[in-house]
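Asker: Have a peek at structure.txt (compact mmCIF, C-alpha atoms (C1' of nucleotides)).
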```txt
# COMPACT_ATOMS: atom_id res chain seq x y z
CA MET A 3 -28.85 2.13 -23.03
CA ASP A 4 -27.95 3.49 -26.44
CA LYS A 5 -24.92 2.21 -28.29
CA GLN A 6 -22.70 5.17 -27.46
CA THR A 7 -23.33 4.82 -23.74
CA ARG A 8 -22.90 1.06 -23.93
CA LEU A 9 -19.55 1.49 -25.66
CA ILE A 10 -18.35 3.92 -23.01
CA GLU A 11 -19.48 1.78 -20.09
CA THR A 12 -17.94 -1.32 -21.61
CA SER A 13 -14.68 0.42 -22.34
CA ILE A 14 -14.43 1.70 -18.77
CA ARG A 15 -14.75 -1.82 -17.45
CA LEU A 16 -12.21 -3.22 -19.89
CA PHE A 17 -9.73 -0.38 -19.46
CA HIS A 18 -9.87 -1.05 -15.75
CA GLU A 19 -9.15 -4.73 -16.26
CA LYS A 20 -6.54 -4.54 -19.00
CA GLY A 21 -5.34 -0.95 -19.24
CA PHE A 22 -5.87 1.45 -22.12
CA HIS A 23 -3.55 -0.05 -24.67
CA GLY A 24 -4.18 -3.55 -23.42
CA THR A 25 -7.78 -3.28 -24.54
CA PRO A 26 -8.39 -3.66 -28.29
CA THR A 27 -11.24 -1.66 -29.79
CA SER A 28 -12.46 -4.90 -31.33
CA LEU A 29 -13.04 -6.34 -27.86
CA ILE A 30 -14.85 -3.23 -26.68
CA ALA A 31 -17.17 -3.43 -29.67
CA LYS A 32 -17.77 -7.15 -29.20
CA GLU A 33 -18.58 -6.86 -25.50
CA ALA A 34 -20.82 -3.88 -26.14
CA GLY A 35 -22.67 -5.99 -28.67
CA VAL A 36 -21.94 -3.91 -31.76
CA ALA A 37 -19.82 -4.44 -34.82
CA ASN A 38 -16.22 -3.39 -35.05
CA GLY A 39 -16.87 -0.52 -37.39
CA THR A 40 -19.79 0.84 -35.40
CA LEU A 41 -17.44 1.94 -32.65
CA PHE A 42 -15.79 4.30 -35.10
CA GLN A 43 -19.09 5.82 -36.06
CA TYR A 44 -19.52 7.07 -32.51
CA PHE A 45 -15.89 7.79 -31.77
CA ARG A 46 -13.41 9.23 -34.23
CA SER A 47 -10.60 7.16 -32.73
CA LYS A 48 -9.70 5.08 -29.73
CA GLU A 49 -8.14 8.11 -28.09
CA ASN A 50 -11.36 10.02 -28.60
CA LEU A 51 -13.26 7.20 -26.89
CA ILE A 52 -10.91 7.32 -23.91
CA LEU A 53 -11.25 11.08 -23.58
CA GLN A 54 -15.03 10.90 -23.83
CA ALA A 55 -15.13 8.15 -21.23
CA TYR A 56 -13.20 10.45 -18.93
CA THR A 57 -15.39 13.49 -19.40
CA SER A 58 -18.57 11.44 -19.18
CA ILE A 59 -17.52 10.11 -15.78
CA LYS A 60 -16.54 13.56 -14.53
CA GLU A 61 -19.89 14.97 -15.61
CA GLU A 62 -21.84 12.09 -14.12
CA MET A 63 -20.07 12.47 -10.81
CA GLY A 64 -20.50 16.23 -10.90
CA ARG A 65 -24.22 15.91 -11.54
CA TYR A 66 -24.62 13.47 -8.66
CA VAL A 67 -22.76 15.67 -6.20
CA GLU A 68 -24.82 18.65 -7.30
CA THR A 69 -28.18 16.94 -6.88
CA THR A 70 -27.31 15.79 -3.36
CA GLN A 71 -26.69 19.34 -2.17
CA THR A 72 -29.57 20.61 -0.07
CA GLY A 73 -28.23 24.10 0.38
CA ALA A 74 -26.43 23.78 3.69
CA GLY A 75 -26.10 27.05 5.54
CA THR A 76 -22.42 27.40 6.32
CA ILE A 77 -19.55 27.11 3.88
CA MET A 78 -18.17 24.39 6.08
CA GLY A 79 -21.36 22.39 5.97
CA HIS A 80 -21.43 22.79 2.23
CA MET A 81 -17.88 21.61 1.84
CA LYS A 82 -18.41 18.56 4.03
CA SER A 83 -21.55 17.70 2.12
CA VAL A 84 -19.79 17.96 -1.24
CA LEU A 85 -16.86 15.82 -0.16
CA SER A 86 -19.08 13.27 1.52
CA SER A 87 -21.16 12.97 -1.65
CA SER A 88 -18.03 12.56 -3.72
CA ILE A 89 -16.75 9.71 -1.59
CA THR A 90 -20.14 8.03 -1.56
CA TRP A 91 -20.40 8.25 -5.32
CA ALA A 92 -16.88 6.93 -5.75
CA LEU A 93 -17.60 3.93 -3.51
CA ASP A 94 -20.77 3.21 -5.44
CA HIS A 95 -18.91 3.45 -8.76
CA PRO A 96 -15.44 2.12 -7.99
CA LEU A 97 -14.72 1.13 -11.58
CA LYS A 98 -15.41 4.62 -12.80
CA PHE A 99 -13.50 6.26 -10.02
CA ASP A 100 -10.51 4.00 -10.54
CA PHE A 101 -10.67 4.82 -14.23
CA ILE A 102 -10.32 8.49 -13.32
CA GLN A 103 -7.20 7.76 -11.30
CA GLN A 104 -5.75 5.65 -14.08
CA PHE A 105 -6.48 8.43 -16.53
CA HIS A 106 -4.94 11.08 -14.29
CA THR A 107 -1.63 9.23 -14.17
CA SER A 108 -1.62 8.50 -17.90
CA PRO A 109 -0.27 10.60 -20.75
CA TYR A 110 -3.88 11.07 -21.95
CA LEU A 111 -4.48 13.69 -19.27
CA GLN A 112 -2.44 16.13 -21.31
CA LYS A 113 -4.83 15.73 -24.22
CA VAL A 114 -7.72 17.15 -22.24
CA GLU A 115 -8.42 20.82 -22.96
CA GLN A 116 -7.13 23.03 -20.16
CA GLU A 117 -10.54 24.68 -20.25
CA THR A 118 -12.29 21.40 -19.47
CA ILE A 119 -10.04 20.69 -16.50
CA GLU A 120 -10.64 24.23 -15.30
CA LYS A 121 -14.39 23.67 -15.53
CA TYR A 122 -14.32 20.68 -13.19
CA LYS A 123 -11.97 22.37 -10.77
CA ARG A 124 -13.60 25.78 -10.44
CA PRO A 125 -16.49 24.96 -8.08
CA HIS A 126 -14.03 23.51 -5.59
CA MET A 127 -11.63 26.43 -5.90
CA ASP A 128 -14.49 28.87 -5.38
CA MET A 129 -15.53 27.07 -2.23
CA ILE A 130 -11.99 27.16 -0.92
CA GLN A 131 -11.62 30.84 -1.74
CA GLU A 132 -14.82 31.59 0.14
CA ALA A 133 -13.65 29.63 3.17
CA ILE A 134 -10.37 31.52 3.17
CA ASP A 135 -12.17 34.87 2.80
CA GLN A 136 -14.40 34.03 5.75
CA LYS A 137 -11.25 33.11 7.69
CA VAL A 138 -12.66 29.64 8.17
CA PHE A 139 -9.58 28.18 6.53
CA LYS A 140 -5.96 28.91 7.33
CA PRO A 141 -4.44 31.45 4.94
CA LEU A 142 -2.49 28.83 3.02
CA PRO A 143 -2.04 28.86 -0.77
CA LYS A 144 -5.34 28.00 -2.41
CA GLU A 145 -3.71 25.40 -4.64
CA LEU A 146 -2.13 23.70 -1.66
CA ILE A 147 -5.45 23.46 0.16
CA TYR A 148 -7.10 22.12 -2.97
CA THR A 149 -4.47 19.45 -3.41
CA LEU A 150 -4.57 18.44 0.24
CA ILE A 151 -8.35 18.18 0.25
CA SER A 152 -8.30 16.10 -2.93
CA SER A 153 -5.60 13.79 -1.62
CA HIS A 154 -7.27 13.35 1.72
CA THR A 155 -10.59 12.58 0.10
CA PHE A 156 -8.93 10.10 -2.20
CA GLY A 157 -7.20 8.52 0.78
CA MET A 158 -10.52 7.98 2.53
CA TYR A 159 -11.93 6.41 -0.60
CA GLN A 160 -8.97 4.09 -0.88
CA TYR A 161 -9.26 3.01 2.72
CA LEU A 162 -12.96 2.29 2.45
CA ARG A 163 -12.49 0.47 -0.83
CA ALA A 164 -9.63 -1.71 0.37
CA ASN A 165 -11.09 -2.59 3.75
CA GLU A 166 -14.50 -4.16 4.09
CA VAL A 167 -16.48 -1.74 6.20
CA ALA A 168 -20.16 -2.19 7.06
CA SER A 169 -22.46 0.33 5.43
CA HIS A 170 -23.33 2.21 8.64
CA GLU A 171 -19.72 2.25 9.74
CA ARG A 172 -18.81 3.61 6.37
CA ASN A 173 -20.66 6.85 7.07
CA GLU A 174 -18.98 7.04 10.43
CA VAL A 175 -15.54 6.74 8.84
CA ILE A 176 -16.43 9.40 6.29
CA GLU A 177 -17.67 11.69 9.05
CA THR A 178 -14.55 11.14 11.15
CA GLY A 179 -12.21 11.49 8.20
CA LEU A 180 -13.78 14.71 7.04
CA ASP A 181 -13.67 16.16 10.55
CA LEU A 182 -9.97 15.39 10.71
CA LEU A 183 -9.48 17.14 7.39
CA ILE A 184 -11.53 20.18 8.37
CA LYS A 185 -9.73 20.46 11.67
CA MET A 186 -6.43 20.33 9.87
CA ILE A 187 -7.00 23.26 7.55
CA SER A 188 -9.19 25.37 9.85
CA MET B 12 25.82 2.33 -16.20
CA ASP B 13 25.48 -1.30 -17.19
CA LYS B 14 23.03 -2.33 -19.88
CA GLN B 15 20.38 -3.60 -17.51
CA THR B 16 20.30 -0.34 -15.57
CA ARG B 17 20.33 1.65 -18.77
CA LEU B 18 17.36 -0.31 -20.07
CA ILE B 19 15.40 0.27 -16.88
CA GLU B 20 16.17 3.99 -16.74
CA THR B 21 15.30 4.43 -20.40
CA SER B 22 12.07 2.52 -20.05
CA ILE B 23 10.99 4.60 -17.06
CA ARG B 24 11.42 7.76 -19.10
CA LEU B 25 9.59 6.37 -22.11
CA PHE B 26 6.77 4.82 -20.06
CA HIS B 27 6.25 8.21 -18.51
CA GLU B 28 6.05 9.89 -21.91
CA LYS B 29 4.02 7.31 -23.79
CA GLY B 30 2.53 4.91 -21.28
CA PHE B 31 3.34 1.23 -20.84
CA HIS B 32 1.74 -0.14 -23.95
CA GLY B 33 2.49 2.96 -25.94
CA THR B 34 6.19 2.23 -25.64
CA PRO B 35 7.57 -0.51 -27.91
CA THR B 36 10.41 -2.59 -26.59
CA SER B 37 12.26 -1.83 -29.80
CA LEU B 38 12.29 1.87 -28.90
CA ILE B 39 13.49 1.17 -25.38
CA ALA B 40 16.35 -0.89 -26.75
CA LYS B 41 17.23 1.72 -29.35
CA GLU B 42 17.28 4.62 -26.89
CA ALA B 43 19.25 2.59 -24.41
CA GLY B 44 21.80 1.97 -27.16
CA VAL B 45 21.47 -1.80 -27.35
CA ALA B 46 20.07 -4.17 -29.90
CA ASN B 47 16.51 -5.35 -29.89
CA GLY B 48 17.30 -8.85 -28.79
CA THR B 49 19.60 -7.75 -25.98
CA LEU B 50 16.64 -6.43 -24.02
CA PHE B 51 15.22 -9.93 -23.85
CA GLN B 52 18.45 -11.30 -22.46
CA TYR B 53 18.06 -9.09 -19.41
CA PHE B 54 14.29 -9.28 -19.16
CA ARG B 55 12.23 -12.36 -19.88
CA SER B 56 9.43 -10.21 -21.29
CA LYS B 57 8.18 -6.65 -21.45
CA GLU B 58 6.01 -7.25 -18.40
CA ASN B 59 9.04 -8.46 -16.52
CA LEU B 60 10.86 -5.25 -17.43
CA ILE B 61 7.98 -3.15 -16.13
CA LEU B 62 7.84 -5.07 -12.86
CA GLN B 63 11.60 -4.80 -12.40
CA ALA B 64 11.48 -1.08 -13.12
CA TYR B 65 8.90 -0.75 -10.37
CA THR B 66 10.81 -2.68 -7.75
CA SER B 67 14.08 -1.01 -8.63
CA ILE B 68 12.53 2.41 -8.00
CA LYS B 69 10.95 1.31 -4.73
CA GLU B 70 14.28 -0.05 -3.53
CA GLU B 71 16.20 3.03 -4.62
CA MET B 72 13.78 5.29 -2.81
CA GLY B 73 13.81 3.06 0.24
CA ARG B 74 17.61 3.09 0.37
CA TYR B 75 17.69 6.89 0.10
CA VAL B 76 15.17 7.42 2.86
CA GLU B 77 17.07 4.99 5.07
CA THR B 78 20.45 6.67 4.59
CA THR B 79 19.05 10.10 5.46
CA GLN B 80 17.83 8.93 8.87
CA THR B 81 20.09 10.19 11.63
CA GLY B 82 18.32 8.37 14.43
CA ALA B 83 15.94 11.05 15.66
CA GLY B 84 14.92 10.60 19.28
CA THR B 85 11.15 10.64 19.24
CA ILE B 86 8.86 8.55 17.10
CA MET B 87 7.36 11.78 15.85
CA GLY B 88 10.71 13.18 14.81
CA HIS B 89 11.49 9.95 13.07
CA MET B 90 8.20 9.95 11.18
CA LYS B 91 8.60 13.53 10.06
CA SER B 92 12.13 12.82 8.92
CA VAL B 93 11.06 9.80 6.90
CA LEU B 94 8.20 11.61 5.21
CA SER B 95 10.30 14.67 4.52
CA SER B 96 12.97 12.50 2.92
CA SER B 97 10.38 10.76 0.81
CA ILE B 98 9.01 14.00 -0.56
CA THR B 99 12.48 15.35 -1.22
CA TRP B 100 13.46 12.22 -3.08
CA ALA B 101 10.24 12.30 -5.09
CA LEU B 102 10.81 15.92 -6.09
CA ASP B 103 14.35 15.09 -7.14
CA HIS B 104 13.17 12.09 -9.16
CA PRO B 105 9.79 13.15 -10.51
CA LEU B 106 9.90 10.76 -13.45
CA LYS B 107 10.45 7.81 -11.18
CA PHE B 108 7.87 8.91 -8.69
CA ASP B 109 5.29 9.50 -11.40
CA PHE B 110 6.10 6.07 -12.76
CA ILE B 111 5.20 4.62 -9.38
CA GLN B 112 1.83 6.36 -9.44
CA GLN B 113 1.19 5.21 -12.99
CA PHE B 114 2.09 1.70 -11.97
CA HIS B 115 -0.12 1.78 -8.89
CA THR B 116 -3.18 2.63 -10.96
CA SER B 117 -2.38 0.06 -13.64
CA PRO B 118 -3.35 -3.59 -13.81
CA TYR B 119 0.34 -4.48 -13.41
CA LEU B 120 0.14 -3.79 -9.68
CA GLN B 121 -1.70 -7.06 -9.25
CA LYS B 122 1.24 -8.95 -10.72
CA VAL B 123 3.52 -7.88 -7.90
CA GLU B 124 3.94 -10.54 -5.21
CA GLN B 125 1.91 -9.71 -2.13
CA GLU B 126 5.09 -10.40 -0.18
CA THR B 127 6.97 -7.67 -2.03
CA ILE B 128 4.28 -5.09 -1.37
CA GLU B 129 4.26 -6.13 2.26
CA LYS B 130 8.01 -5.61 2.43
CA TYR B 131 7.80 -1.99 1.31
CA LYS B 132 4.85 -1.26 3.57
CA ARG B 133 6.02 -2.83 6.81
CA PRO B 134 8.46 -0.16 8.06
CA HIS B 135 5.73 2.46 7.80
CA MET B 136 3.15 0.27 9.50
CA ASP B 137 5.57 -0.45 12.33
CA MET B 138 6.15 3.25 12.84
CA ILE B 139 2.43 3.90 12.95
CA GLN B 140 1.87 1.04 15.40
CA GLU B 141 4.53 2.45 17.67
CA ALA B 142 2.98 5.91 17.54
CA ILE B 143 -0.41 4.48 18.43
CA ASP B 144 1.08 2.43 21.28
CA GLN B 145 2.77 5.52 22.67
CA LYS B 146 -0.58 7.30 22.42
CA VAL B 147 1.04 9.86 20.17
CA PHE B 148 -1.49 9.05 17.44
CA LYS B 149 -5.25 8.91 17.75
CA PRO B 150 -6.52 5.34 18.17
CA LEU B 151 -7.78 5.12 14.59
CA PRO B 152 -7.46 2.01 12.43
CA LYS B 153 -3.83 1.51 11.47
CA GLU B 154 -4.71 1.08 7.81
CA LEU B 155 -6.67 4.32 7.79
CA ILE B 156 -3.77 6.26 9.26
CA TYR B 157 -1.39 4.68 6.77
CA THR B 158 -3.60 5.62 3.85
CA LEU B 159 -4.14 9.17 5.10
CA ILE B 160 -0.42 9.71 5.64
CA SER B 161 0.38 8.35 2.19
CA SER B 162 -2.27 10.46 0.52
CA HIS B 163 -1.27 13.60 2.36
CA THR B 164 2.38 13.09 1.49
CA PHE B 165 1.47 12.50 -2.12
CA GLY B 166 -0.64 15.65 -2.07
CA MET B 167 2.29 17.72 -0.88
CA TYR B 168 4.45 16.25 -3.61
CA GLN B 169 1.86 17.07 -6.21
CA TYR B 170 1.55 20.64 -5.02
CA LEU B 171 5.27 21.22 -5.03
CA ARG B 172 5.64 19.58 -8.41
CA ALA B 173 2.85 21.52 -10.07
CA ASN B 174 3.69 24.92 -8.59
CA GLU B 175 7.11 26.45 -8.99
CA VAL B 176 8.38 26.95 -5.47
CA ALA B 177 11.84 28.27 -4.64
CA SER B 178 14.13 25.70 -3.06
CA HIS B 179 14.17 27.29 0.40
CA GLU B 180 10.42 27.80 0.35
CA ARG B 181 10.08 24.19 -0.60
CA ASN B 182 11.39 23.05 2.77
CA GLU B 183 9.07 25.47 4.46
CA VAL B 184 6.07 24.02 2.64
CA ILE B 185 7.16 20.51 3.54
CA GLU B 186 7.58 21.53 7.15
CA THR B 187 4.18 23.22 7.27
CA GLY B 188 2.46 20.40 5.43
CA LEU B 189 3.88 17.74 7.70
CA ASP B 190 2.93 19.71 10.80
CA LEU B 191 -0.62 19.91 9.53
CA LEU B 192 -0.62 16.17 9.01
CA ILE B 193 0.87 15.39 12.40
CA LYS B 194 -1.57 17.71 14.12
CA MET B 195 -4.41 16.00 12.35
CA ILE B 196 -3.69 12.48 13.52
CA SER B 197 -2.25 13.33 16.94
C1' DT C 18 -45.10 0.06 -51.99
C1' DA C 19 -41.11 2.58 -53.74
C1' DT C 20 -37.47 5.70 -52.66
C1' DC C 21 -34.33 7.86 -49.94
C1' DT C 22 -31.51 8.37 -45.73
C1' DT C 23 -29.34 6.86 -41.77
C1' DT C 24 -27.16 3.38 -39.18
C1' DA C 25 -24.75 -0.90 -38.79
C1' DT C 26 -21.81 -4.56 -40.43
C1' DG C 27 -17.48 -7.27 -40.61
C1' DA C 28 -13.99 -8.62 -43.88
C1' DC C 29 -9.96 -6.41 -44.97
C1' DT C 30 -5.43 -3.69 -44.85
C1' DG C 31 -1.31 -1.53 -43.72
C1' DA C 32 1.25 -0.85 -39.89
C1' DT C 33 3.16 -2.24 -35.65
C1' DT C 34 4.80 -5.33 -32.05
C1' DA C 35 6.78 -8.89 -28.74
C1' DG C 36 9.73 -12.18 -28.87
C1' DT C 37 13.09 -15.62 -31.55
C1' DC C 38 17.28 -17.32 -33.34
C1' DA C 39 21.14 -18.12 -36.31
C1' DA C 40 25.14 -15.63 -36.93
C1' DT C 41 28.75 -12.51 -35.19
C1' DC C 42 31.69 -10.47 -31.91
C1' DA C 43 34.60 -9.99 -27.65
C1' DA C 44 36.90 -11.73 -23.77
C1' DT C 45 39.40 -15.18 -21.42
C1' DC C 46 42.56 -18.64 -21.04
C1' DA C 47 45.53 -22.83 -22.28
C1' DT D 23 47.79 -18.38 -31.39
C1' DG D 24 43.57 -20.99 -31.35
C1' DA D 25 39.73 -22.64 -28.83
C1' DT D 26 35.94 -21.95 -25.83
C1' DT D 27 32.51 -19.37 -23.71
C1' DG D 28 29.16 -16.00 -23.21
C1' DA D 29 27.31 -11.63 -24.69
C1' DT D 30 25.33 -9.06 -28.61
C1' DT D 31 23.14 -8.36 -32.82
C1' DG D 32 19.23 -7.33 -35.97
C1' DA D 33 16.59 -9.53 -39.57
C1' DC D 34 12.66 -12.12 -39.20
C1' DT D 35 7.89 -14.04 -37.89
C1' DA D 36 3.49 -14.78 -36.26
C1' DA D 37 0.20 -12.25 -34.18
C1' DT D 38 -2.35 -8.24 -33.18
C1' DC D 39 -4.46 -3.84 -33.84
C1' DA D 40 -6.68 0.72 -35.31
C1' DG D 41 -9.20 2.27 -38.61
C1' DT D 42 -11.57 1.80 -43.56
C1' DC D 43 -15.06 0.86 -46.79
C1' DA D 44 -18.18 -1.53 -49.76
C1' DT D 45 -22.36 -3.57 -48.68
C1' DA D 46 -26.54 -4.43 -46.24
C1' DA D 47 -30.16 -3.59 -42.99
C1' DA D 48 -33.38 -0.54 -40.80
C1' DG D 49 -36.08 3.42 -40.64
C1' DA D 50 -38.34 7.39 -42.46
C1' DT D 51 -41.14 9.66 -45.91
C1' DA D 52 -44.51 10.17 -49.39
```
Would you mind giving the structure from this file in structure tokens?
Answerer:
Amino acid sequence: MDKQTRLIETSIRLFHEKGFHGTPTSLIAKEAGVANGTLFQYFRSKENLILQAYTSIKEEMGRYVETTQTGAGTIMGHMKSVLSSSITWALDHPLKFDFIQQFHTSPYLQKVEQETIEKYKRPHMDMIQEAIDQKVFKPLPKELIYTLISSHTFGMYQYLRANEVASHERNEVIETGLDLLIKMIS
Amino acid sequence: MDKQTRLIETSIRLFHEKGFHGTPTSLIAKEAGVANGTLFQYFRSKENLILQAYTSIKEEMGRYVETTQTGAGTIMGHMKSVLSSSITWALDHPLKFDFIQQFHTSPYLQKVEQETIEKYKRPHMDMIQEAIDQKVFKPLPKELIYTLISSHTFGMYQYLRANEVASHERNEVIETGLDLLIKMIS
DNA sequence: TATCTTTATGACTGATTAGTCAATCAATCA
DNA sequence: TGATTGATTGACTAATCAGTCATAAAGATA
């Protein structure tokens, strides 16, 4: 791992443990095994490091979800596959996923370019639009559907994270949970 | 408003704007109109202030939801009424509700007594248990239902907060959203 | 090897912060 | 009125932190 990646990974872990402002840059540098000043060669400021940690996680997750898509036939199959991948990734990277939540409820969210947020959101919105067009989804406001899907998915993640569930049962819960969701908005 | 309340209300606003660690106690005191040292007469430490802000919001919300219950006949009516009240309260106190979310994703959550968390959760769990017993809800794990209901409710709040919706339409969205939820787990 | 360029270092600084405490003020009551 | 009590004040301190910079190490080039 190069220094930049190491700094990001370390900071994610520490931010999770101690919060953004509770984590000194000096500690991040130390635990990443670089000198204090080196951190500021890779990141203009602490805020910049936090923002880059956020985008790096979003991109990593996005890449994973993309690579697990095998081109399901129906829009519904596609949607289930995407959401299932997302939950799986989140459960395999709980620290990173929790970081995202922490970030989303922090004042740093407002520092992210609107364009960047848009970029991460668009694929989902397009899917929803298509499902509405095909009359697969109820004709509810697109934004409402998006929010409900996100919340529901997050809820399933939270349940699986908080309650020890055997690996094979895990897939069953995901399957069941997604079917409930689909049924709800279809 | 007495000083203690003023300090809590002020801190909630500032924590929302600048985050927990981004808000100095000196600023909280200043904006609450008291001296620096006075804050530490009411709160042992900054952490203690944050924890008290959290519990005070939870109690305030709990009291509101309780007073709006008119003793609906069915368990389903009761549940809808509780959730509807919760969303209404949240929309009327967005700062406080956002504070709760911020707190929930922060490391401070772990400092709250397990007993306290249990106290806030129990009424909801009891309702869910009753609904399962009456075979009104699907026989899914109680914890899963709880998490899905919470997430869904939070999703509706988020949608209504992010999108300008006229007051009368608001109730319609809440009604529709709750019906979707109920249908899903019934 | 000698020279140049890039990367890394960590001591240092100026600014900020949580929490303290001696002094002041306000309220109550004999 | 004068004494007692408790609340309030804000200057102060010891500690911490983000970010800098002069120096050194490592790497590239010829």
Asker: Return the single residue from A:Leu53, A:Glu145, A:Leu41, A:Arg65 that is closest to chain C, with distances computed using only C-alpha atoms (C1' of nucleotides).
Answerer: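 Under the stated criterion, the closest residue is A:Leu41.
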Asker: With the cut-off set at 9 Å and counting all atoms listed in the file, tabulate each residue of chain D with an atom at most that distance from an atom of chain B, showing the nearest atom pair and its distance in Å to one decimal, ordered by chain and increasing number, as CSV.
Answerer:
```
residue,atom,partner,partner_atom,distance
D:DA29,C1',B:Thr49,CA,8.7
D:DT30,C1',B:Thr49,CA,6.4
D:DT31,C1',B:Ala46,CA,6.0
D:DG32,C1',B:Ala46,CA,6.9
```
Asker: From (-19.0, 7.2, -27.4), in the file's coordinates, out to 7 Å: which residues are reached, counting all atoms listed in the file? Answer as an mmCIF file with C-alpha atoms, in the coordinates of the input.
Answerer:
```cif
data_model
loop_
_atom_site.group_PDB
_atom_site.id
_atom_site.type_symbol
_atom_site.label_atom_id
_atom_site.label_comp_id
_atom_site.auth_asym_id
_atom_site.auth_seq_id
_atom_site.Cartn_x
_atom_site.Cartn_y
_atom_site.Cartn_z
ATOM 1 C CA GLN A 6 -22.700 5.170 -27.460
ATOM 2 C CA THR A 7 -23.330 4.820 -23.740
ATOM 3 C CA LEU A 9 -19.550 1.490 -25.660
ATOM 4 C CA ILE A 10 -18.350 3.920 -23.010
ATOM 5 C CA TYR A 44 -19.520 7.070 -32.510
ATOM 6 C CA PHE A 45 -15.890 7.790 -31.770
ATOM 7 C CA LEU A 51 -13.260 7.200 -26.890
ATOM 8 C CA GLN A 54 -15.030 10.900 -23.830
#
```
Asker: Please identify all residues of chain A having at least one atom at most 10 Å from any atom of chain B, considering all atoms listed in the file, and return them as a PyMOL selection string.
Answerer: chain A and resi 17-24+100-110+142-143+145-162+164-165+175+178-179+181-187
Asker: Quick one: which residues from chain C are at most 10 Å off chain B, using all atoms listed in the file, as a list in words?
Answerer: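 In the required form, that comes to DT33, DT34, DA35, DG36, DT37 and DC38 of chain C.
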Asker: Can I get the selection written as a JSON list (two decimals), keeping the file's coordinate frame, with C-alpha atoms (C1' of nucleotides)?
Answerer:
```
[["chain", "number", "residue", "atom", "x", "y", "z"],
["C", 33, "DT", "C1'", 3.16, -2.24, -35.65],
["C", 34, "DT", "C1'", 4.80, -5.33, -32.05],
["C", 35, "DA", "C1'", 6.78, -8.89, -28.74],
["C", 36, "DG", "C1'", 9.73, -12.18, -28.87],
["C", 37, "DT", "C1'", 13.09, -15.62, -31.55],
["C", 38, "DC", "C1'", 17.28, -17.32, -33.34]]
```
Asker: To one decimal place, how far is C1' of DT24 (chain C) from CA of Ala31 (chain A) in Å?
Answerer: 15.4 Å
Asker: Skipping near chain neighbours, those fewer than 4 positions away, what residues fall within 12 Å of Thr69 (chain A) using only C-alpha atoms (C1' of nucleotides), listed as a PyMOL selection string?
Answerer: chain A and resi 62-65+73+83-84+87-88+91
Asker: Do you know which residues are at most 10 Å from Gly44 (chain B) counting only C-alpha atoms (C1' of nucleotides), after dropping those on the same chain fewer than 6 positions away, and could you put them as number ranges by chain?
Answerer: B: 14, 17-18, 21, 38
Asker: Just give me the gap between CA of Asn50 (chain A) and CA of Arg24 (chain B) in Å, one decimal is fine.
Answerer: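 Interatomic distance here is 24.8 Å.
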Asker: Tell me which protein, DNA and RNA residues are within 12 Å of DT51 (chain D), counting only C-alpha atoms (C1' of nucleotides), leaving out same-chain ones fewer than 2 positions away, and put them as a list in words.
Answerer: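 My list of contacting residues is DA19, DT20, DC21 and DT22 of chain C; DG49 of chain D.
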Asker: Please provide the set of residues having any atom within 12 Å of His80 (chain A), restricted to all atoms listed in the file, with same-chain residues fewer than 3 positions apart removed, written as a PyMOL selection string.
Answerer: chain A and resi 67-68+70-77+83-87+125-126+128-130+132-133+184
Asker: Please report the interatomic distance between CA of Phe99 (chain A) and CA of Lys60 (chain A) in Å with one decimal.
Answerer: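 These atoms are spaced 9.1 Å apart.
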Asker: Skipping near chain neighbours, those fewer than 3 positions away, what residues fall within 12 Å of DT26 (chain D) using only C-alpha atoms (C1' of nucleotides), listed as a PyMOL selection string?
Answerer: chain C and resi 44-47
Asker: For the residues in the current selection, export C-alpha atoms (C1' of nucleotides) as a PDB file, in the coordinates of the input.
Answerer:
```
ATOM      1  C1'  DA C  44      36.900 -11.730 -23.770  1.00  0.00           C
ATOM      2  C1'  DT C  45      39.400 -15.180 -21.420  1.00  0.00           C
ATOM      3  C1'  DC C  46      42.560 -18.640 -21.040  1.00  0.00           C
ATOM      4  C1'  DA C  47      45.530 -22.830 -22.280  1.00  0.00           C
TER       5       DA C  47
END
```
